[in-house]
file entry11.txt (compact mmCIF, C-alpha atoms)
# COMPACT_ATOMS: atom_id res chain seq x y z
CA MET A 12 -34.13 -256.88 117.26
CA GLU A 13 -34.74 -260.47 116.14
CA GLN A 14 -37.74 -260.69 118.44
CA LEU A 15 -39.14 -257.48 116.93
CA ASN A 16 -38.69 -258.85 113.41
CA ALA A 17 -40.35 -262.11 114.39
CA TRP A 18 -43.27 -260.22 115.94
CA PHE A 19 -43.62 -258.08 112.80
CA VAL A 20 -43.60 -261.11 110.48
CA GLU A 21 -46.17 -262.85 112.66
CA LEU A 22 -48.35 -259.74 112.66
CA LEU A 23 -48.30 -259.53 108.86
CA SER A 24 -48.99 -263.22 108.49
CA ASN A 25 -52.35 -262.75 110.21
CA ASN A 26 -53.27 -259.69 108.15
CA ASP A 27 -54.88 -259.94 104.72
CA ILE A 28 -54.42 -256.26 103.77
CA PHE A 29 -51.09 -255.02 105.13
CA THR A 30 -48.82 -257.64 103.65
CA ALA A 31 -45.17 -257.15 102.75
CA ASN A 32 -46.32 -256.45 99.18
CA THR A 33 -48.81 -253.72 100.02
CA LEU A 34 -46.43 -252.15 102.57
CA GLY A 35 -43.93 -251.96 99.72
CA TYR A 36 -46.37 -249.71 97.85
CA TYR A 37 -46.65 -247.48 100.90
CA LEU A 38 -42.86 -247.36 101.18
CA ASP A 39 -42.52 -246.35 97.53
CA GLY A 40 -45.26 -243.77 98.02
CA LEU A 41 -43.47 -242.38 101.07
CA GLY A 42 -40.27 -242.01 99.05
CA ASN A 43 -42.06 -240.22 96.21
CA THR A 44 -43.92 -237.92 98.61
CA VAL A 45 -40.80 -236.98 100.56
CA SER A 46 -38.79 -236.44 97.35
CA LEU A 47 -41.48 -234.26 95.79
CA VAL A 48 -42.03 -232.13 98.89
CA PHE A 49 -38.34 -231.81 99.79
CA LEU A 50 -37.20 -230.81 96.29
CA SER A 51 -40.05 -228.35 95.78
CA LEU A 52 -39.36 -226.70 99.15
CA ILE A 53 -35.61 -226.41 98.53
CA ILE A 54 -35.97 -225.01 95.01
CA GLY A 55 -38.89 -222.81 96.07
CA LEU A 56 -36.85 -221.37 98.95
CA LEU A 57 -33.92 -220.61 96.65
CA LEU A 58 -36.30 -218.78 94.31
CA ALA A 59 -38.23 -217.01 97.06
CA VAL A 60 -35.30 -215.27 98.78
CA PRO A 61 -34.21 -213.11 95.79
CA LEU A 62 -37.85 -212.63 94.79
CA ALA A 63 -38.72 -211.39 98.29
CA ILE A 64 -35.85 -208.90 98.17
CA ALA A 65 -36.86 -207.72 94.70
CA ARG A 66 -40.50 -207.56 95.83
CA GLY A 67 -39.55 -204.64 98.09
CA SER A 68 -37.87 -202.70 95.29
CA ARG A 69 -39.02 -199.16 94.59
CA ARG A 70 -38.87 -199.83 90.85
CA LYS A 71 -42.35 -200.74 89.64
CA TRP A 72 -41.07 -202.77 86.69
CA ILE A 73 -39.35 -205.08 89.20
CA LYS A 74 -41.89 -205.42 92.00
CA TRP A 75 -45.15 -205.52 90.05
CA PRO A 76 -44.38 -208.66 87.97
CA ILE A 77 -43.38 -210.43 91.20
CA PHE A 78 -46.57 -209.24 92.89
CA PHE A 79 -48.61 -210.52 89.93
CA TYR A 80 -46.87 -213.92 90.08
CA THR A 81 -47.47 -214.35 93.81
CA TYR A 82 -51.05 -213.08 93.50
CA VAL A 83 -51.90 -215.61 90.77
CA PHE A 84 -50.30 -218.62 92.43
CA ARG A 85 -51.68 -217.80 95.88
CA GLY A 86 -55.10 -216.96 94.49
CA THR A 87 -55.69 -220.17 92.50
CA PRO A 88 -55.94 -223.78 93.73
CA LEU A 89 -52.79 -225.87 93.57
CA LEU A 90 -54.77 -228.64 91.88
CA ILE A 91 -55.65 -226.33 88.97
CA GLN A 92 -52.00 -225.29 88.67
CA LEU A 93 -50.97 -228.94 88.60
CA TYR A 94 -53.50 -229.73 85.88
CA MET A 95 -52.44 -226.71 83.81
CA ILE A 96 -48.77 -227.67 83.89
CA TYR A 97 -49.20 -231.44 83.58
CA TYR A 98 -51.73 -231.38 80.75
CA GLY A 99 -50.76 -228.03 79.23
CA VAL A 100 -47.11 -228.84 78.56
CA VAL A 101 -48.03 -231.11 75.64
CA PHE A 102 -49.63 -228.17 73.85
CA ILE A 103 -46.38 -226.20 73.71
CA GLU A 104 -45.43 -226.25 70.06
CA GLY A 105 -42.32 -228.26 69.36
CA ILE A 106 -41.79 -229.35 72.98
CA GLN A 107 -41.91 -233.04 72.05
CA ASP A 108 -38.99 -232.58 69.67
CA THR A 109 -36.67 -231.13 72.31
CA PHE A 110 -34.60 -232.73 75.06
CA LEU A 111 -37.07 -231.33 77.60
CA TRP A 112 -39.72 -233.84 76.55
CA ALA A 113 -37.70 -236.72 77.99
CA ILE A 114 -38.10 -235.00 81.38
CA LEU A 115 -41.53 -233.42 81.13
CA LYS A 116 -43.29 -236.54 79.88
CA GLU A 117 -42.74 -238.06 83.33
CA ALA A 118 -45.47 -237.01 85.76
CA PHE A 119 -43.02 -236.30 88.58
CA TYR A 120 -41.38 -233.27 86.95
CA PRO A 121 -44.53 -231.31 85.96
CA ALA A 122 -45.74 -231.94 89.52
CA LEU A 123 -42.40 -230.70 90.86
CA ILE A 124 -42.70 -227.52 88.75
CA ALA A 125 -46.25 -226.86 89.98
CA PHE A 126 -45.36 -227.46 93.63
CA THR A 127 -42.19 -225.36 93.37
CA LEU A 128 -43.93 -222.36 91.79
CA ASN A 129 -46.72 -222.57 94.36
CA THR A 130 -44.52 -222.75 97.44
CA ALA A 131 -42.15 -220.11 96.01
CA ALA A 132 -45.10 -217.69 95.74
CA TYR A 133 -46.15 -218.22 99.35
CA THR A 134 -42.59 -218.16 100.66
CA THR A 135 -41.86 -214.95 98.75
CA GLU A 136 -44.71 -213.18 100.54
CA ILE A 137 -43.68 -214.65 103.90
CA PHE A 138 -40.13 -213.35 103.56
CA HIS A 139 -41.27 -210.06 102.04
CA GLY A 140 -43.45 -209.42 105.08
CA ALA A 141 -40.61 -210.39 107.42
CA ILE A 142 -38.21 -208.05 105.62
CA LYS A 143 -40.70 -205.17 105.84
CA ALA A 144 -41.05 -205.83 109.58
CA THR A 145 -37.34 -205.28 110.22
CA PRO A 146 -37.07 -202.73 113.06
CA ARG A 147 -36.00 -199.34 111.79
CA GLY A 148 -33.42 -199.07 114.54
CA GLU A 149 -31.50 -202.05 113.15
CA ILE A 150 -31.36 -200.48 109.70
CA GLU A 151 -30.27 -197.11 111.04
CA ALA A 152 -27.57 -198.75 113.17
CA ALA A 153 -26.26 -200.61 110.10
CA ARG A 154 -26.18 -197.36 108.12
CA ALA A 155 -24.35 -195.66 110.95
CA TYR A 156 -21.65 -198.33 110.68
CA GLY A 157 -21.32 -197.46 106.99
CA MET A 158 -22.72 -200.73 105.64
CA SER A 159 -23.71 -200.88 102.00
CA ARG A 160 -27.23 -201.98 101.04
CA ALA A 161 -25.99 -205.43 100.00
CA LEU A 162 -23.95 -205.91 103.18
CA MET A 163 -26.81 -204.69 105.35
CA MET A 164 -29.18 -207.10 103.60
CA ARG A 165 -26.80 -210.02 104.10
CA ARG A 166 -25.76 -209.40 107.71
CA ILE A 167 -28.69 -207.58 109.30
CA ILE A 168 -31.97 -207.71 107.41
CA MET A 169 -32.08 -211.29 106.07
CA PRO A 170 -30.94 -213.07 109.28
CA SER A 171 -33.44 -211.01 111.27
CA ALA A 172 -36.19 -211.61 108.71
CA PHE A 173 -35.50 -215.35 108.62
CA ARG A 174 -36.00 -215.63 112.38
CA ARG A 175 -39.30 -213.77 112.18
CA ALA A 176 -40.47 -215.79 109.18
CA LEU A 177 -39.63 -219.17 110.70
CA PRO A 178 -43.02 -219.91 112.34
CA ALA A 179 -44.96 -218.95 109.20
CA TYR A 180 -42.56 -220.88 106.99
CA GLY A 181 -43.02 -223.94 109.19
CA ASN A 182 -46.74 -223.77 108.46
CA GLU A 183 -45.95 -223.53 104.74
CA VAL A 184 -43.83 -226.70 104.91
CA ILE A 185 -46.68 -228.57 106.59
CA PHE A 186 -49.12 -227.19 104.02
CA MET A 187 -46.94 -228.48 101.19
CA LEU A 188 -46.74 -231.91 102.79
CA HIS A 189 -50.53 -232.11 103.03
CA ALA A 190 -51.01 -230.61 99.55
CA SER A 191 -48.76 -233.29 98.07
CA ALA A 192 -51.68 -235.69 98.46
CA ILE A 193 -53.06 -234.37 95.17
CA ALA A 194 -50.00 -235.59 93.25
CA SER A 195 -51.67 -238.96 92.78
CA VAL A 196 -54.23 -237.42 90.40
CA VAL A 197 -51.48 -237.18 87.75
CA THR A 198 -50.48 -240.85 88.12
CA ILE A 199 -47.72 -240.35 90.70
CA MET A 200 -47.61 -243.21 93.19
CA ASP A 201 -47.34 -241.13 96.34
CA LEU A 202 -48.73 -242.01 99.76
CA THR A 203 -52.30 -241.23 98.74
CA GLY A 204 -51.84 -243.14 95.49
CA ALA A 205 -50.66 -246.16 97.49
CA ALA A 206 -53.74 -245.91 99.71
CA ARG A 207 -55.96 -245.77 96.63
CA PHE A 208 -54.27 -248.88 95.26
CA VAL A 209 -54.81 -250.80 98.49
CA TYR A 210 -58.43 -249.61 98.65
CA ALA A 211 -59.11 -250.66 95.05
CA ARG A 212 -57.56 -254.07 95.63
CA PHE A 213 -59.10 -254.98 98.98
CA TYR A 214 -62.15 -252.65 99.13
CA ALA A 215 -61.03 -251.50 102.56
CA PRO A 216 -61.18 -247.69 102.57
CA PHE A 217 -60.84 -247.25 106.33
CA ASP A 218 -57.79 -249.47 106.65
CA ALA A 219 -56.04 -248.03 103.60
CA PHE A 220 -56.66 -244.35 104.26
CA LEU A 221 -56.36 -244.42 108.05
CA PHE A 222 -52.96 -246.02 107.69
CA VAL A 223 -51.77 -243.33 105.26
CA ALA A 224 -53.27 -240.65 107.51
CA ALA A 225 -51.15 -242.01 110.37
CA ILE A 226 -48.04 -241.72 108.17
CA TYR A 227 -48.88 -238.10 107.30
CA LEU A 228 -49.48 -237.42 111.00
CA CYS A 229 -46.04 -238.80 111.92
CA LEU A 230 -44.38 -236.69 109.21
CA THR A 231 -46.24 -233.61 110.43
CA PHE A 232 -45.12 -234.16 114.01
CA ALA A 233 -41.53 -234.58 112.82
CA ILE A 234 -41.70 -231.26 110.95
CA LEU A 235 -43.29 -229.55 113.95
CA TYR A 236 -40.53 -230.84 116.21
CA LEU A 237 -37.84 -229.65 113.78
CA PHE A 238 -39.25 -226.12 113.54
CA ARG A 239 -39.88 -225.89 117.28
CA TYR A 240 -36.23 -226.82 117.78
CA LEU A 241 -35.10 -224.20 115.25
CA GLU A 242 -37.32 -221.56 116.85
CA LYS A 243 -35.93 -222.41 120.28
CA LYS A 244 -32.36 -222.01 119.01
CA LEU A 245 -32.81 -218.96 116.77
CA LEU A 246 -35.26 -217.08 119.00
CA ALA A 247 -33.54 -217.82 122.32
CA HIS A 248 -32.70 -214.13 122.75
CA LEU A 249 -36.43 -213.32 122.95
CA LYS A 250 -37.02 -215.69 125.85
CA PRO A 251 -37.86 -213.73 129.00
CA ILE A 252 -35.26 -213.79 131.76
CA ASN A 253 -36.67 -214.94 135.09
CA GLY A 254 -35.57 -213.12 138.18
call {"tool": "encode", "arguments": {"input": "entry11.txt", "output": "structure tokens"}}
result
Amino acid sequence: MEQLNAWFVELLSNNDIFTANTLGYYLDGLGNTVSLVFLSLIIGLLLAVPLAIARGSRRKWIKWPIFFYTYVFRGTPLLIQLYMIYYGVVFIEGIQDTFLWAILKEAFYPALIAFTLNTAAYTTEIFHGAIKATPRGEIEAARAYGMSRALMMRRIIMPSAFRRALPAYGNEVIFMLHASAIASVVTIMDLTGAARFVYARFYAPFDAFLFVAAIYLCLTFAILYLFRYLEKKLLAHLKPING
């Protein structure tokens, strides 16, 4: 370990761009990126599950507002949504006189709201489609056992839908990671913001942005590995049996 540290210090000593100071910016950017993406995905998932269930309701006054919400947020660029929330919040009358202003004046929280609403819209449609694809035989079997709608949803439909939705949801997680690169446009020092800082300071676009691209690539591979592992565990019953 000491030899590795010595090699790392020696490597940085011969490098004018990637010093301990600039790597600190990348480390801070990594923390902000992971925090923003993780929180938006968790909150978005918690919102999407009940919305996906309600999206399949037969009552128009329930399903149509949800459809409109998902249609708007999936049909407009995330960057525009971020601008609308970040810049538009100051135009809400009286907002600066409430306790919410202490939170919303920080760029991180409007960005978190925009990312959460966006991923919740996509995740709602992913789970809604997975719920609709539930085999009719499973539902009929649950009814034959006398299960109520709520019990059937909890024990049969949602676990089955989650397994089917897992590959598509994995793609959504990766999309959110890549989309988080736009957070720097509202003054958040994320990974892309750190790369811009290094570029502006040393006028080295290839070094700065290739390094941050490598970090995104490593994060993407980690997410892919996680979802491949989950798919292997949760979809093991679909694996063909050899001889």
call {"tool": "residues_around", "arguments": {"input": "entry11.txt", "residues": "range 123-133 of chain A", "least_positions_apart": "3", "cutoff": "8 Å", "atoms": "all atoms listed in the file", "output": "MDAnalysis selection string"}}
result
chainID A and resid 47:48 50:52 54:56 58:59 80:82 84:85 89 92:93 96 119:120 136:137 183 187
call {"tool": "closest_residue", "arguments": {"input": "entry11.txt", "among": "A:Phe102, A:Thr198, A:Ala205, A:Gly40", "to": "Glu117 in chain A", "atoms": "all atoms listed in the file"}}
result
A:Thr198
call {"tool": "closest_residue", "arguments": {"input": "entry11.txt", "among": "A:Ala113, A:Ala153, A:Val101, A:Val45", "to": "Thr231 in chain A", "atoms": "only C-alpha atoms"}}
result
A:Val45
call {"tool": "residues_near_point", "arguments": {"input": "entry11.txt", "point": "(-55.3, -243.3, 101.0)", "cutoff": "9 Å", "atoms": "only C-alpha atoms", "output": "tab-separated table (two decimals) with C-alpha atoms, in the coordinates of the input"}}
result
chain	number	residue	atom	x	y	z
A	192	ALA	CA	-51.68	-235.69	98.46
A	202	LEU	CA	-48.73	-242.01	99.76
A	203	THR	CA	-52.30	-241.23	98.74
A	204	GLY	CA	-51.84	-243.14	95.49
A	205	ALA	CA	-50.66	-246.16	97.49
A	206	ALA	CA	-53.74	-245.91	99.71
A	207	ARG	CA	-55.96	-245.77	96.63
A	208	PHE	CA	-54.27	-248.88	95.26
A	209	VAL	CA	-54.81	-250.80	98.49
A	210	TYR	CA	-58.43	-249.61	98.65
A	216	PRO	CA	-61.18	-247.69	102.57
A	217	PHE	CA	-60.84	-247.25	106.33
A	218	ASP	CA	-57.79	-249.47	106.65
A	219	ALA	CA	-56.04	-248.03	103.60
A	220	PHE	CA	-56.66	-244.35	104.26
A	221	LEU	CA	-56.36	-244.42	108.05
A	222	PHE	CA	-52.96	-246.02	107.69
A	223	VAL	CA	-51.77	-243.33	105.26
A	224	ALA	CA	-53.27	-240.65	107.51
call {"tool": "axis_aligned_box", "arguments": {"input": "entry11.txt", "around": "range 56-66 of chain A", "padding_each_side": "3 Å", "output": "lines of an AutoDock Vina configuration file"}}
result
center_x = -37.2
center_y = -214.5
center_z = 96.6
size_x = 12.6
size_y = 19.8
size_z = 10.6
call {"tool": "atom_distance", "arguments": {"input": "entry11.txt", "atom1": "CA of Val184 in chain A", "atom2": "CA of Val60 in chain A"}}
result
15.5 Å
call {"tool": "atom_distance", "arguments": {"input": "entry11.txt", "atom1": "CA of Asn182 in chain A", "atom2": "CA of Ile53 in chain A"}}
result
15.1 Å
call {"tool": "atom_distance", "arguments": {"input": "entry11.txt", "atom1": "CA of Lys116 in chain A", "atom2": "CA of Leu38 in chain A"}}
result
23.9 Å
call {"tool": "closest_residue", "arguments": {"input": "entry11.txt", "among": "A:Pro88, A:Gly42, A:Gly35, A:Gly140", "to": "Met169 in chain A", "atoms": "only C-alpha atoms"}}
result
A:Gly140
call {"tool": "decode", "arguments": {"input": "entry11.txt", "residues": "range 74-94 of chain A", "atoms": "N, CA, C and O atoms", "output": "mmCIF file, in the first residue's frame"}}
result
data_model
loop_
_atom_site.group_PDB
_atom_site.id
_atom_site.type_symbol
_atom_site.label_atom_id
_atom_site.label_comp_id
_atom_site.auth_asym_id
_atom_site.auth_seq_id
_atom_site.Cartn_x
_atom_site.Cartn_y
_atom_site.Cartn_z
ATOM 1 N N LYS A 74 -56.436 8.460 -13.713
ATOM 2 C CA LYS A 74 -55.381 8.073 -14.648
ATOM 3 C C LYS A 74 -54.977 9.179 -15.624
ATOM 4 O O LYS A 74 -53.813 9.260 -16.005
ATOM 5 N N TRP A 75 -55.930 10.055 -16.006
ATOM 6 C CA TRP A 75 -55.581 11.064 -17.005
ATOM 7 C C TRP A 75 -54.620 12.127 -16.497
ATOM 8 O O TRP A 75 -53.709 12.541 -17.222
ATOM 9 N N PRO A 76 -54.753 12.633 -15.254
ATOM 10 C CA PRO A 76 -53.723 13.573 -14.756
ATOM 11 C C PRO A 76 -52.333 12.950 -14.695
ATOM 12 O O PRO A 76 -51.338 13.625 -14.985
ATOM 13 N N ILE A 77 -52.268 11.652 -14.341
ATOM 14 C CA ILE A 77 -50.969 10.976 -14.296
ATOM 15 C C ILE A 77 -50.410 10.822 -15.702
ATOM 16 O O ILE A 77 -49.210 11.023 -15.938
ATOM 17 N N PHE A 78 -51.287 10.472 -16.649
ATOM 18 C CA PHE A 78 -50.846 10.371 -18.042
ATOM 19 C C PHE A 78 -50.328 11.720 -18.548
ATOM 20 O O PHE A 78 -49.292 11.786 -19.217
ATOM 21 N N PHE A 79 -51.014 12.798 -18.207
ATOM 22 C CA PHE A 79 -50.586 14.132 -18.640
ATOM 23 C C PHE A 79 -49.225 14.475 -18.046
ATOM 24 O O PHE A 79 -48.351 15.017 -18.734
ATOM 25 N N TYR A 80 -49.032 14.161 -16.763
ATOM 26 C CA TYR A 80 -47.746 14.428 -16.104
ATOM 27 C C TYR A 80 -46.611 13.661 -16.785
ATOM 28 O O TYR A 80 -45.555 14.232 -17.099
ATOM 29 N N THR A 81 -46.795 12.374 -17.009
ATOM 30 C CA THR A 81 -45.733 11.581 -17.629
ATOM 31 C C THR A 81 -45.497 12.009 -19.075
ATOM 32 O O THR A 81 -44.358 12.012 -19.544
ATOM 33 N N TYR A 82 -46.569 12.391 -19.767
ATOM 34 C CA TYR A 82 -46.439 12.826 -21.161
ATOM 35 C C TYR A 82 -45.607 14.105 -21.249
ATOM 36 O O TYR A 82 -44.729 14.232 -22.115
ATOM 37 N N VAL A 83 -45.874 15.052 -20.361
ATOM 38 C CA VAL A 83 -45.156 16.332 -20.380
ATOM 39 C C VAL A 83 -43.686 16.138 -20.033
ATOM 40 O O VAL A 83 -42.798 16.650 -20.730
ATOM 41 N N PHE A 84 -43.405 15.394 -18.984
ATOM 42 C CA PHE A 84 -42.020 15.257 -18.540
ATOM 43 C C PHE A 84 -41.211 14.321 -19.423
ATOM 44 O O PHE A 84 -39.977 14.442 -19.479
ATOM 45 N N ARG A 85 -41.865 13.394 -20.120
ATOM 46 C CA ARG A 85 -41.132 12.553 -21.062
ATOM 47 C C ARG A 85 -41.039 13.199 -22.430
ATOM 48 O O ARG A 85 -40.187 12.822 -23.235
ATOM 49 N N GLY A 86 -41.889 14.177 -22.678
ATOM 50 C CA GLY A 86 -41.919 14.810 -23.994
ATOM 51 C C GLY A 86 -41.141 16.104 -24.090
ATOM 52 O O GLY A 86 -41.066 16.700 -25.169
ATOM 53 N N THR A 87 -40.544 16.555 -22.987
ATOM 54 C CA THR A 87 -39.751 17.790 -22.995
ATOM 55 C C THR A 87 -38.345 17.492 -22.494
ATOM 56 O O THR A 87 -38.156 16.592 -21.673
ATOM 57 N N PRO A 88 -37.352 18.254 -22.953
ATOM 58 C CA PRO A 88 -35.966 17.998 -22.530
ATOM 59 C C PRO A 88 -35.772 18.253 -21.032
ATOM 60 O O PRO A 88 -36.345 19.184 -20.471
ATOM 61 N N LEU A 89 -34.951 17.437 -20.422
ATOM 62 C CA LEU A 89 -34.650 17.602 -19.006
ATOM 63 C C LEU A 89 -33.992 18.954 -18.737
ATOM 64 O O LEU A 89 -34.215 19.565 -17.683
ATOM 65 N N LEU A 90 -33.183 19.435 -19.670
ATOM 66 C CA LEU A 90 -32.534 20.730 -19.490
ATOM 67 C C LEU A 90 -33.551 21.851 -19.364
ATOM 68 O O LEU A 90 -33.409 22.746 -18.520
ATOM 69 N N ILE A 91 -34.607 21.805 -20.177
ATOM 70 C CA ILE A 91 -35.667 22.829 -20.096
ATOM 71 C C ILE A 91 -36.387 22.726 -18.758
ATOM 72 O O ILE A 91 -36.694 23.751 -18.124
ATOM 73 N N GLN A 92 -36.649 21.514 -18.304
ATOM 74 C CA GLN A 92 -37.299 21.329 -17.000
ATOM 75 C C GLN A 92 -36.430 21.885 -15.879
ATOM 76 O O GLN A 92 -36.933 22.522 -14.941
ATOM 77 N N LEU A 93 -35.128 21.660 -15.979
ATOM 78 C CA LEU A 93 -34.205 22.179 -14.970
ATOM 79 C C LEU A 93 -34.195 23.698 -14.962
ATOM 80 O O LEU A 93 -34.244 24.320 -13.887
ATOM 81 N N TYR A 94 -34.164 24.304 -16.146
ATOM 82 C CA TYR A 94 -34.206 25.760 -16.225
ATOM 83 C C TYR A 94 -35.516 26.312 -15.650
ATOM 84 O O TYR A 94 -35.517 27.311 -14.920
#
